[in-house]
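A.B. asks: My file is input07.txt. It has compact mmCIF, C-alpha atoms:
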# COMPACT_ATOMS: atom_id res chain seq x y z
CA MET A 1 -15.55 -51.54 -42.74
CA SER A 2 -17.46 -49.20 -40.54
CA LEU A 3 -16.23 -47.90 -37.20
CA PRO A 4 -18.82 -46.97 -34.61
CA THR A 5 -19.30 -43.28 -33.86
CA PRO A 6 -18.12 -42.58 -30.30
CA HIS A 7 -20.80 -42.53 -27.59
CA ILE A 8 -21.65 -38.99 -26.58
CA ALA A 9 -24.92 -39.58 -24.72
CA HIS A 10 -23.19 -38.64 -21.43
CA LEU A 11 -23.00 -35.02 -22.63
CA THR A 12 -26.08 -33.05 -21.65
CA GLU A 13 -27.80 -29.82 -22.65
CA ASP A 14 -25.84 -28.18 -19.83
CA ASP A 15 -22.55 -29.35 -21.35
CA TYR A 16 -23.61 -27.97 -24.71
CA GLU A 17 -24.10 -24.56 -23.12
CA HIS A 18 -20.31 -24.39 -23.01
CA VAL A 19 -19.00 -27.01 -25.42
CA TYR A 20 -19.62 -27.29 -29.16
CA GLU A 21 -22.13 -30.06 -29.80
CA PRO A 22 -20.89 -32.48 -32.47
CA ALA A 23 -22.44 -31.45 -35.77
CA GLU A 24 -21.93 -32.11 -39.45
CA ASP A 25 -18.44 -30.63 -39.44
CA SER A 26 -17.43 -32.96 -36.59
CA PHE A 27 -18.81 -35.96 -38.42
CA ILE A 28 -17.09 -35.27 -41.73
CA LEU A 29 -13.80 -35.20 -39.84
CA LEU A 30 -14.62 -38.68 -38.54
CA ASP A 31 -15.52 -39.72 -42.11
CA ALA A 32 -12.13 -38.54 -43.36
CA LEU A 33 -10.31 -40.45 -40.63
CA GLU A 34 -12.37 -43.54 -41.27
CA ALA A 35 -11.63 -43.40 -44.99
CA ASP A 36 -7.91 -43.37 -44.13
CA ALA A 37 -8.19 -45.91 -41.30
CA ASP A 38 -6.01 -48.64 -42.86
CA ASP A 39 -3.37 -46.14 -43.82
CA LEU A 40 -3.38 -44.53 -40.39
CA ARG A 41 -3.02 -47.89 -38.64
CA ARG A 42 -0.26 -49.00 -40.95
CA SER A 43 1.72 -45.79 -40.48
CA LYS A 44 1.78 -46.36 -36.68
CA PRO A 45 1.59 -42.74 -35.60
CA THR A 46 3.51 -42.25 -32.33
CA ILE A 47 2.32 -38.73 -31.50
CA CYS A 48 -1.14 -37.40 -32.43
CA VAL A 49 -2.54 -34.03 -31.43
CA GLU A 50 -5.98 -32.54 -31.78
CA ILE A 51 -6.30 -28.79 -31.43
CA GLY A 52 -9.64 -27.64 -29.99
CA SER A 53 -11.00 -31.05 -29.07
CA GLY A 54 -14.38 -29.71 -27.86
CA SER A 55 -16.59 -32.69 -26.96
CA GLY A 56 -13.60 -34.98 -27.59
CA ILE A 57 -15.40 -36.90 -30.31
CA ALA A 58 -12.61 -36.73 -32.91
CA SER A 59 -9.75 -37.55 -30.50
CA THR A 60 -11.79 -40.45 -29.16
CA PHE A 61 -12.55 -41.70 -32.66
CA LEU A 62 -8.88 -41.54 -33.61
CA SER A 63 -7.95 -43.39 -30.44
CA SER A 64 -10.40 -46.22 -31.12
CA LEU A 65 -9.34 -46.40 -34.75
CA LEU A 66 -5.71 -47.06 -33.76
CA GLU A 67 -4.49 -50.09 -31.80
CA PRO A 68 -5.02 -49.65 -28.03
CA ASN A 69 -2.18 -47.79 -26.30
CA ASP A 70 -0.29 -47.54 -29.57
CA SER A 71 -0.04 -43.77 -29.74
CA LEU A 72 0.12 -40.70 -27.50
CA ILE A 73 -2.97 -38.63 -28.28
CA ILE A 74 -2.91 -35.12 -26.84
CA SER A 75 -6.08 -33.00 -27.03
CA THR A 76 -5.84 -29.28 -26.45
CA ASP A 77 -8.62 -26.78 -25.91
CA ILE A 78 -8.77 -23.20 -24.69
CA ASN A 79 -12.06 -23.96 -22.91
CA ARG A 80 -11.97 -25.82 -19.59
CA TYR A 81 -15.43 -27.27 -20.16
CA ALA A 82 -14.18 -28.80 -23.39
CA CYS A 83 -11.22 -30.42 -21.62
CA GLU A 84 -13.63 -31.91 -19.09
CA ALA A 85 -15.98 -33.11 -21.85
CA THR A 86 -13.00 -34.68 -23.64
CA ILE A 87 -12.09 -36.70 -20.53
CA LYS A 88 -15.71 -37.83 -20.15
CA THR A 89 -16.05 -38.83 -23.79
CA ALA A 90 -12.79 -40.78 -23.68
CA SER A 91 -13.84 -42.72 -20.61
CA ALA A 92 -17.36 -43.37 -21.94
CA ASN A 93 -15.64 -45.01 -24.91
CA ASP A 94 -13.08 -46.98 -22.87
CA THR A 95 -10.06 -45.03 -23.94
CA THR A 96 -7.66 -42.57 -22.35
CA LEU A 97 -6.96 -39.14 -23.76
CA ASN A 98 -4.61 -36.43 -22.52
CA PRO A 99 -6.38 -33.07 -22.45
CA ILE A 100 -4.40 -29.86 -22.01
CA LEU A 101 -6.04 -26.52 -21.30
CA CYS A 102 -4.09 -24.17 -23.54
CA ASN A 103 -4.16 -21.99 -26.61
CA LEU A 104 -3.51 -24.00 -29.80
CA LEU A 105 -0.17 -25.82 -29.25
CA ASP A 106 1.58 -23.20 -27.10
CA PRO A 107 3.13 -25.33 -24.31
CA LEU A 108 3.90 -28.19 -26.69
CA LEU A 109 5.84 -26.36 -29.35
CA PRO A 110 9.40 -26.65 -28.07
CA ARG A 111 9.10 -30.39 -27.55
CA LEU A 112 6.85 -31.41 -30.43
CA LYS A 113 8.59 -29.51 -33.19
CA GLY A 114 8.64 -31.83 -36.21
CA GLU A 115 7.27 -34.70 -34.13
CA ILE A 116 3.52 -34.66 -34.82
CA ASP A 117 2.48 -37.64 -36.92
CA VAL A 118 -1.24 -36.86 -37.01
CA LEU A 119 -2.69 -33.43 -36.33
CA LEU A 120 -6.45 -32.75 -36.26
CA PHE A 121 -8.13 -29.37 -36.24
CA ASN A 122 -11.76 -28.45 -36.66
CA PRO A 123 -11.10 -24.73 -36.26
CA PRO A 124 -13.35 -21.75 -35.67
CA TYR A 125 -13.94 -21.25 -39.38
CA VAL A 126 -16.98 -18.98 -39.61
CA PRO A 127 -16.16 -15.57 -41.09
CA THR A 128 -16.83 -12.90 -38.43
CA GLU A 129 -15.67 -9.46 -37.44
CA ILE A 130 -12.22 -9.66 -35.89
CA HIS A 131 -13.43 -8.34 -32.52
CA GLU A 132 -15.88 -11.21 -32.30
CA LEU A 133 -13.01 -13.65 -32.70
CA GLU A 134 -10.93 -11.81 -30.11
CA ASP A 135 -13.81 -11.64 -27.61
CA THR A 136 -14.77 -15.29 -27.99
CA GLN A 137 -11.18 -16.54 -27.71
CA ALA A 138 -10.65 -14.38 -24.62
CA SER A 139 -13.84 -15.63 -22.95
CA ARG A 140 -12.57 -19.24 -23.30
CA ASP A 141 -16.03 -20.62 -23.81
CA ILE A 142 -18.20 -22.05 -26.58
CA GLY A 143 -18.08 -19.00 -28.90
CA GLY A 144 -14.41 -19.73 -29.51
CA ALA A 145 -15.50 -22.84 -31.38
CA TRP A 146 -16.77 -20.95 -34.42
CA ALA A 147 -15.87 -17.25 -34.67
CA GLY A 148 -13.06 -17.24 -37.20
CA GLY A 149 -12.41 -13.58 -38.03
CA GLU A 150 -11.60 -12.50 -41.57
CA ALA A 151 -12.58 -15.20 -44.08
CA GLY A 152 -12.89 -17.48 -41.04
CA MET A 153 -9.17 -18.04 -41.41
CA VAL A 154 -7.43 -16.14 -38.61
CA VAL A 155 -6.89 -19.08 -36.25
CA THR A 156 -6.39 -21.62 -39.03
CA LYS A 157 -3.73 -19.40 -40.57
CA MET A 158 -1.73 -19.38 -37.32
CA ILE A 159 -1.43 -23.15 -37.54
CA LEU A 160 -0.84 -23.27 -41.30
CA ASP A 161 2.07 -20.84 -40.92
CA GLN A 162 3.75 -23.17 -38.43
CA LEU A 163 2.77 -26.38 -40.15
CA PRO A 164 6.09 -27.29 -41.82
CA HIS A 165 7.72 -27.13 -38.38
CA LEU A 166 5.04 -29.18 -36.65
CA LEU A 167 4.63 -32.32 -38.71
CA SER A 168 7.06 -35.21 -38.76
CA PRO A 169 8.21 -36.38 -42.21
CA GLY A 170 5.12 -37.97 -43.74
CA GLY A 171 3.01 -36.48 -40.92
CA ARG A 172 -0.61 -35.63 -41.74
CA PHE A 173 -2.86 -32.75 -40.88
CA TYR A 174 -6.64 -33.11 -41.17
CA LEU A 175 -8.26 -29.69 -41.34
CA VAL A 176 -11.96 -28.87 -41.50
CA ALA A 177 -12.78 -25.90 -43.73
CA VAL A 178 -15.76 -24.25 -45.38
CA ALA A 179 -16.07 -22.70 -48.82
CA GLN A 180 -15.62 -19.16 -47.43
CA ASN A 181 -12.14 -20.18 -46.22
CA LYS A 182 -11.19 -20.56 -49.92
CA PRO A 183 -9.83 -24.09 -49.57
CA LYS A 184 -8.45 -24.06 -53.12
CA PHE A 185 -6.34 -21.07 -52.23
CA ILE A 186 -5.19 -22.78 -49.00
CA ALA A 187 -4.17 -25.81 -51.02
CA GLU A 188 -2.17 -23.78 -53.56
CA GLU A 189 -0.37 -21.92 -50.78
CA LEU A 190 0.61 -25.12 -49.02
CA LEU A 191 1.65 -26.82 -52.22
CA ARG A 192 4.14 -24.04 -52.80
CA ARG A 193 5.62 -24.84 -49.40
CA GLY A 194 6.07 -28.51 -50.19
CA LEU A 195 2.95 -29.94 -48.55
CA ARG A 196 0.55 -32.22 -50.40
CA VAL A 197 -3.12 -31.36 -50.06
CA GLU A 198 -6.19 -33.39 -50.94
CA ARG A 199 -9.88 -33.03 -50.24
CA ARG A 200 -10.82 -36.09 -48.22
CA ALA A 201 -14.44 -35.72 -47.25
CA GLY A 202 -17.31 -33.34 -47.12
CA ARG A 203 -20.35 -32.30 -49.09
CA GLU A 204 -21.23 -29.02 -50.65
CA LEU A 205 -19.72 -26.29 -48.51
CA LEU A 206 -17.84 -28.34 -45.90
CA TYR A 207 -14.41 -29.77 -46.55
CA VAL A 208 -11.77 -31.87 -44.84
CA LEU A 209 -8.34 -31.19 -46.24
CA ARG A 210 -5.63 -33.76 -45.71
CA ILE A 211 -2.26 -32.11 -45.79
CA VAL A 212 0.80 -34.36 -45.85
CA ALA A 213 4.37 -33.29 -45.08
CA THR A 214 6.95 -34.61 -47.49
CA MET B 1 -4.79 -37.08 -15.86
CA VAL B 2 -1.41 -35.63 -16.46
CA ARG B 3 0.57 -38.74 -17.20
CA LEU B 4 4.34 -38.47 -17.24
CA ILE B 5 4.37 -39.14 -20.99
CA THR B 6 2.39 -35.92 -21.42
CA HIS B 7 4.39 -34.01 -18.81
CA ASN B 8 7.53 -34.84 -20.82
CA MET B 9 6.07 -32.78 -23.69
CA LEU B 10 5.10 -29.65 -21.71
CA ALA B 11 7.29 -26.57 -21.45
CA CYS B 12 6.79 -23.12 -19.96
CA HIS B 13 5.80 -20.67 -22.70
CA VAL B 14 5.80 -17.37 -20.83
CA LYS B 15 7.18 -14.53 -22.93
CA ASN B 16 10.99 -14.49 -22.94
CA CYS B 17 11.24 -17.56 -20.73
CA THR B 18 13.70 -19.71 -22.65
CA LYS B 19 16.09 -20.96 -19.97
CA ASP B 20 15.18 -23.90 -17.70
CA ASN B 21 11.64 -23.80 -19.08
CA PHE B 22 11.56 -27.61 -19.21
CA PRO B 23 10.76 -29.86 -17.43
CA LEU B 24 8.20 -28.25 -15.16
CA ALA B 25 8.64 -29.21 -11.49
CA PHE B 26 5.74 -30.93 -9.74
CA SER B 27 4.64 -29.91 -6.25
CA ASP B 28 1.65 -30.58 -3.96
CA VAL B 29 0.84 -33.56 -6.08
CA GLU B 30 -2.02 -36.00 -5.77
CA LEU B 31 -0.73 -39.04 -7.62
CA VAL B 32 -2.98 -41.87 -8.78
CA ILE B 33 -1.73 -45.13 -10.24
CA ARG B 34 -4.05 -46.56 -12.88
CA PRO B 35 -3.03 -49.84 -14.49
CA ALA B 36 -2.91 -49.58 -18.29
CA PRO B 37 -2.60 -52.44 -20.77
CA GLU B 38 1.03 -52.92 -21.76
CA ASN B 39 2.15 -52.17 -25.27
CA LEU B 40 5.92 -52.42 -25.03
CA GLU B 41 6.36 -52.00 -28.78
CA PHE B 42 4.86 -48.52 -28.41
CA ILE B 43 7.09 -47.73 -25.41
CA ASN B 44 10.13 -48.77 -27.44
CA ARG B 45 9.00 -46.66 -30.40
CA PHE B 46 8.49 -43.70 -28.08
CA LEU B 47 12.06 -43.75 -26.67
CA PRO B 48 13.55 -41.31 -29.20
CA LYS B 49 10.78 -38.79 -28.38
CA LEU B 50 11.61 -38.74 -24.67
CA ASP B 51 13.81 -36.35 -22.83
CA TRP B 52 15.26 -39.07 -20.63
CA LYS B 53 16.85 -36.90 -17.97
CA ALA B 54 13.67 -34.88 -17.53
CA LEU B 55 11.67 -38.08 -17.19
CA VAL B 56 14.01 -39.69 -14.65
CA ASP B 57 14.23 -36.55 -12.53
CA THR B 58 10.44 -36.14 -12.61
CA ALA B 59 9.76 -39.79 -11.76
CA ARG B 60 12.20 -39.56 -8.84
CA SER B 61 10.56 -36.37 -7.60
CA LEU B 62 7.35 -38.41 -7.41
CA GLY B 63 9.06 -41.27 -5.57
CA ASP B 64 9.64 -43.70 -8.42
CA THR B 65 13.31 -44.69 -8.64
CA THR B 66 13.05 -47.60 -11.07
CA LEU B 67 14.58 -45.83 -14.08
CA PRO B 68 18.36 -45.76 -14.61
CA GLU B 69 20.17 -42.40 -14.70
CA THR B 70 21.04 -42.69 -18.38
CA MET B 71 18.95 -44.33 -21.07
CA PRO B 72 20.23 -47.88 -21.67
CA GLU B 73 21.48 -48.49 -25.22
CA SER B 74 19.01 -51.28 -25.55
CA MET B 75 16.22 -51.83 -23.09
CA THR B 76 15.47 -55.16 -21.45
CA GLU B 77 11.86 -56.21 -21.16
CA ASP B 78 11.91 -55.41 -17.43
CA GLN B 79 13.21 -51.92 -18.13
CA LEU B 80 10.49 -51.37 -20.74
CA ARG B 81 7.91 -52.53 -18.18
CA ALA B 82 9.24 -50.07 -15.61
CA LEU B 83 9.10 -47.36 -18.25
CA HIS B 84 5.54 -48.31 -19.20
CA HIS B 85 4.57 -47.90 -15.55
CA VAL B 86 6.20 -44.48 -15.24
CA LEU B 87 4.90 -43.10 -18.55
CA MET B 88 1.43 -44.59 -18.77
CA GLU B 89 0.26 -45.48 -15.27
CA MET B 90 1.33 -42.57 -13.07
CA HIS B 91 -1.36 -39.89 -13.26
CA VAL B 92 -1.08 -36.55 -11.52
CA GLU B 93 -4.66 -35.53 -10.73
CA GLU B 94 -4.05 -32.42 -8.65
CA GLY B 95 -1.03 -30.24 -7.97
CA ASN B 96 1.20 -27.62 -9.50
CA MET B 97 3.83 -27.54 -12.19
CA THR B 98 6.37 -24.78 -11.69
CA CYS B 99 8.79 -23.41 -14.26
CA ARG B 100 12.35 -23.61 -12.91
CA GLY B 101 13.29 -20.67 -15.11
CA CYS B 102 10.71 -17.96 -14.44
CA GLY B 103 8.75 -19.44 -11.54
CA HIS B 104 5.39 -19.44 -13.33
CA VAL B 105 3.00 -21.92 -11.74
CA TYR B 106 0.70 -24.04 -13.92
CA PRO B 107 -1.99 -25.68 -11.76
CA ILE B 108 -3.48 -29.10 -12.38
CA SER B 109 -7.04 -29.67 -11.23
CA ASN B 110 -9.33 -32.62 -11.92
CA GLY B 111 -6.55 -34.07 -14.05
CA ILE B 112 -6.45 -31.06 -16.38
CA PRO B 113 -3.24 -29.04 -16.61
CA ASN B 114 -3.99 -25.34 -16.98
CA MET B 115 -1.37 -24.04 -19.39
CA LEU B 116 -3.25 -20.85 -20.26
CA LEU B 117 -1.41 -17.57 -19.83
CA ALA B 118 -2.72 -14.06 -19.31
CA GLU B 119 -2.42 -11.80 -22.35
CA HIS B 120 0.65 -9.96 -21.01
CA GLU B 121 2.52 -13.22 -20.38
CA VAL B 122 2.09 -14.56 -23.90
CA GLY B 123 5.15 -14.71 -26.14
CA ARG B 124 4.86 -15.22 -29.93
Give the structure from this file in structure tokens form.
C.D. replies:
Amino acid sequence: MSLPTPHIAHLTEDDYEHVYEPAEDSFILLDALEADADDLRRSKPTICVEIGSGSGIASTFLSSLLEPNDSLIISTDINRYACEATIKTASANDTTLNPILCNLLDPLLPRLKGEIDVLLFNPPYVPTEIHELEDTQASRDIGGAWAGGEAGMVVTKMILDQLPHLLSPGGRFYLVAVAQNKPKFIAEELLRRGLRVERRAGRELLYVLRIVAT
Amino acid sequence: MVRLITHNMLACHVKNCTKDNFPLAFSDVELVIRPAPENLEFINRFLPKLDWKALVDTARSLGDTTLPETMPESMTEDQLRALHHVLMEMHVEEGNMTCRGCGHVYPISNGIPNMLLAEHEVGR
């Protein structure tokens, strides 16, 4: 079985001035979802959330992988251009997404505590100086898509810390990481907190970790 | 496209705003109805996730009075249809969402709700 990659030809050079252009890290996230497609369909996720949807390619792919209108898929991004690109990508692929301009999951936390069945995050994972992360997040533009602070883990760590309170029982989190993020260490940490972690896709230095709440 | 299903998941997150921070009140709304294919099994599965009172009050504030005051113990097909319409087909494209607790206004433009806060307003 092979699912088509979402159409993104509507996004132009101008869009990619402000929005992260799908690249290898985006595509390995799609690969990981595709490898789990049967499982994901069978588990009938009711609420799915992508943090930092960027072009919208992963949210759109998840939406077309599931039955039509069978799930609420919410896509957050701190960058308005990304929210707009997400709407465009959804409609170019005949689906409907629900973009929210916000930081991580901030406005959703009280209501979605323990309710997220599928969570996706391709975070800013590149190790940088901390001020570069702070500046890029504050500017709410494309730089926020990669600058990850110490070990590229500052933003990812915020989500990992909350993770046991976010996922529903059996809920899954697909996280993109690179070798510098020390994915083995991430996995050991999470295991201690009762979450199952497996490497699902990726070559060489790129990883997708699938983390499952028990 | 702020659909009511999404609105039912959004709360004010201004620092120290914990009372009446949900649901956000719509005003100056441009509402668009877009037919969506029915999947009543999904609507039924979504019931336990809903804050019913918030949904009914919000739908009524936008002029839709089809939902009963309290959630029926078991929904008829007609009730599920009405709920499908309210959750999936009512899109707020422009307008404001105001916190009833602290008064913070979250604007919606081009279908995108702006839930960003300035640094000094952020809790955590």
A.B. asks: Could you check how far atom CA of Lys113 of chain A sits from atom CA of Ile112 of chain B, in Å to one decimal?
C.D. replies: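 Value for the atom CA of Lys113 of chain A-atom CA of Ile112 of chain B distance: 22.6 Å.
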A.B. asks: Residues of chain B that approach chain A to 10 Å or less, counting only C-alpha atoms: could you list each one with the shortest pair of atoms and its distance in Å to one decimal, rows by chain and increasing residue number, as JSON lines?
C.D. replies:
{"residue": "B:Met1", "atom": "CA", "partner": "A:Asn98", "partner_atom": "CA", "distance": 6.7}
{"residue": "B:Val2", "atom": "CA", "partner": "A:Asn98", "partner_atom": "CA", "distance": 6.9}
{"residue": "B:Arg3", "atom": "CA", "partner": "A:Asn98", "partner_atom": "CA", "distance": 7.8}
{"residue": "B:Ile5", "atom": "CA", "partner": "A:Leu72", "partner_atom": "CA", "distance": 7.9}
{"residue": "B:Thr6", "atom": "CA", "partner": "A:Asn98", "partner_atom": "CA", "distance": 7.1}
{"residue": "B:His7", "atom": "CA", "partner": "A:Leu108", "partner_atom": "CA", "distance": 9.8}
{"residue": "B:Asn8", "atom": "CA", "partner": "A:Arg111", "partner_atom": "CA", "distance": 8.2}
{"residue": "B:Met9", "atom": "CA", "partner": "A:Arg111", "partner_atom": "CA", "distance": 5.5}
{"residue": "B:Leu10", "atom": "CA", "partner": "A:Leu108", "partner_atom": "CA", "distance": 5.3}
{"residue": "B:Ala11", "atom": "CA", "partner": "A:Pro107", "partner_atom": "CA", "distance": 5.2}
{"residue": "B:Cys12", "atom": "CA", "partner": "A:Pro107", "partner_atom": "CA", "distance": 6.1}
{"residue": "B:His13", "atom": "CA", "partner": "A:Pro107", "partner_atom": "CA", "distance": 5.6}
{"residue": "B:Val14", "atom": "CA", "partner": "A:Pro107", "partner_atom": "CA", "distance": 9.1}
{"residue": "B:Thr18", "atom": "CA", "partner": "A:Pro110", "partner_atom": "CA", "distance": 9.8}
{"residue": "B:Asn21", "atom": "CA", "partner": "A:Pro110", "partner_atom": "CA", "distance": 9.7}
{"residue": "B:Phe22", "atom": "CA", "partner": "A:Arg111", "partner_atom": "CA", "distance": 9.1}
{"residue": "B:Ala36", "atom": "CA", "partner": "A:Asn69", "partner_atom": "CA", "distance": 8.2}
{"residue": "B:Pro37", "atom": "CA", "partner": "A:Asn69", "partner_atom": "CA", "distance": 7.2}
{"residue": "B:Glu38", "atom": "CA", "partner": "A:Asn69", "partner_atom": "CA", "distance": 7.6}
{"residue": "B:Asn39", "atom": "CA", "partner": "A:Asn69", "partner_atom": "CA", "distance": 6.2}
{"residue": "B:Leu40", "atom": "CA", "partner": "A:Asp70", "partner_atom": "CA", "distance": 9.1}
{"residue": "B:Glu41", "atom": "CA", "partner": "A:Asp70", "partner_atom": "CA", "distance": 8.0}
{"residue": "B:Phe42", "atom": "CA", "partner": "A:Asp70", "partner_atom": "CA", "distance": 5.4}
{"residue": "B:Ile43", "atom": "CA", "partner": "A:Asp70", "partner_atom": "CA", "distance": 8.5}
{"residue": "B:Arg45", "atom": "CA", "partner": "A:Thr46", "partner_atom": "CA", "distance": 7.3}
{"residue": "B:Phe46", "atom": "CA", "partner": "A:Thr46", "partner_atom": "CA", "distance": 6.7}
{"residue": "B:Lys49", "atom": "CA", "partner": "A:Glu115", "partner_atom": "CA", "distance": 7.9}
{"residue": "B:Leu50", "atom": "CA", "partner": "A:Arg111", "partner_atom": "CA", "distance": 9.2}
{"residue": "B:Asp51", "atom": "CA", "partner": "A:Arg111", "partner_atom": "CA", "distance": 8.9}
{"residue": "B:Met88", "atom": "CA", "partner": "A:Asn69", "partner_atom": "CA", "distance": 8.9}
{"residue": "B:Ile108", "atom": "CA", "partner": "A:Leu101", "partner_atom": "CA", "distance": 9.6}
{"residue": "B:Asn110", "atom": "CA", "partner": "A:Glu84", "partner_atom": "CA", "distance": 8.4}
{"residue": "B:Gly111", "atom": "CA", "partner": "A:Pro99", "partner_atom": "CA", "distance": 8.5}
{"residue": "B:Ile112", "atom": "CA", "partner": "A:Ile100", "partner_atom": "CA", "distance": 6.1}
{"residue": "B:Pro113", "atom": "CA", "partner": "A:Ile100", "partner_atom": "CA", "distance": 5.6}
{"residue": "B:Asn114", "atom": "CA", "partner": "A:Leu101", "partner_atom": "CA", "distance": 4.9}
{"residue": "B:Met115", "atom": "CA", "partner": "A:Cys102", "partner_atom": "CA", "distance": 5.0}
{"residue": "B:Leu116", "atom": "CA", "partner": "A:Cys102", "partner_atom": "CA", "distance": 4.7}
{"residue": "B:Leu117", "atom": "CA", "partner": "A:Cys102", "partner_atom": "CA", "distance": 8.0}
{"residue": "B:Ala118", "atom": "CA", "partner": "A:Ala138", "partner_atom": "CA", "distance": 9.5}
{"residue": "B:Glu119", "atom": "CA", "partner": "A:Ala138", "partner_atom": "CA", "distance": 8.9}
{"residue": "B:Val122", "atom": "CA", "partner": "A:Asp106", "partner_atom": "CA", "distance": 9.2}
{"residue": "B:Gly123", "atom": "CA", "partner": "A:Asp106", "partner_atom": "CA", "distance": 9.3}
{"residue": "B:Arg124", "atom": "CA", "partner": "A:Asp106", "partner_atom": "CA", "distance": 9.1}
A.B. asks: Using all atoms listed in the file, can you list as a PyMOL selection string the residues within 7 Å of (8.9, -33.6, -15.0)?
C.D. replies: chain B and resi 7-8+23-26+54-55+57-58
A.B. asks: Take atom CA of Ala147 of chain A and atom CA of Pro124 of chain A and report the distance between them in Å, one decimal.
C.D. replies: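 It comes out at 5.3 Å.
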A.B. asks: Would you mind reading off the distance between atom CA of Ile130 of chain A and atom CA of Ile57 of chain A, one decimal, in Å?
C.D. replies: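 If I compute the distance from atom CA of Ile130 of chain A to atom CA of Ile57 of chain A, I get 28.0 Å.
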A.B. asks: Could you give me, as a compact mmCIF listing (two decimals) with C-alpha atoms, keeping the file's coordinate frame, the residues that have an atom at most 9 Å away from the point (-11.0, -39.4, -23.7) in the coordinates of the file, using all atoms listed in the file?
C.D. replies:
# COMPACT_ATOMS: atom_id res chain seq x y z
CA GLY A 56 -13.60 -34.98 -27.59
CA ILE A 57 -15.40 -36.90 -30.31
CA SER A 59 -9.75 -37.55 -30.50
CA THR A 60 -11.79 -40.45 -29.16
CA SER A 63 -7.95 -43.39 -30.44
CA SER A 75 -6.08 -33.00 -27.03
CA ALA A 85 -15.98 -33.11 -21.85
CA THR A 86 -13.00 -34.68 -23.64
CA ILE A 87 -12.09 -36.70 -20.53
CA LYS A 88 -15.71 -37.83 -20.15
CA THR A 89 -16.05 -38.83 -23.79
CA ALA A 90 -12.79 -40.78 -23.68
CA SER A 91 -13.84 -42.72 -20.61
CA ALA A 92 -17.36 -43.37 -21.94
CA ASN A 93 -15.64 -45.01 -24.91
CA ASP A 94 -13.08 -46.98 -22.87
CA THR A 95 -10.06 -45.03 -23.94
CA THR A 96 -7.66 -42.57 -22.35
CA LEU A 97 -6.96 -39.14 -23.76
CA ASN A 98 -4.61 -36.43 -22.52
CA PRO A 99 -6.38 -33.07 -22.45
A.B. asks: Using all atoms listed in the file, which of A:Leu29, A:Leu191, A:Ala9, A:Gly149 sits nearest Leu209 of chain A?
C.D. replies: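 Of A:Leu29, A:Leu191, A:Ala9, A:Gly149, the one nearest Leu209 of chain A is A:Leu29, counting all atoms listed in the file.
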A.B. asks: Do you know which residues are at most 8 Å from Trp146 of chain A counting all atoms listed in the file, after dropping those on the same chain fewer than 2 positions away, and could you put them as a list in words?
C.D. replies: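 Skipping anything fewer than 2 positions along the chain leaves Pro123, Pro124, Tyr125, Val126, Gly143, Gly144 and Gly148 of chain A.
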A.B. asks: Please determine, counting all atoms listed in the file, which residue among B:Thr66, B:Thr98, B:Asn44, B:Asn16 has the shortest atom-to-atom distance to Leu80 of chain B.
C.D. replies: B:Asn44
A.B. asks: Once 5 Å is added on each side, what are the centre and the three edge lengths, in Å to one decimal, of the axis-aligned box enclosing the listed atoms of segment 27-44 of chain B? Present them as lines of an AutoDock Vina configuration file.
C.D. replies:
center_x = 3.0
center_y = -41.4
center_z = -16.4
size_x = 24.2
size_y = 33.0
size_z = 34.8
A.B. asks: Choose the residue, out of A:Leu120, A:Leu166, A:Ile142, A:Leu190, that has the smallest atom-to-atom separation from Val19 of chain A; count all atoms listed in the file.
C.D. replies: A:Ile142
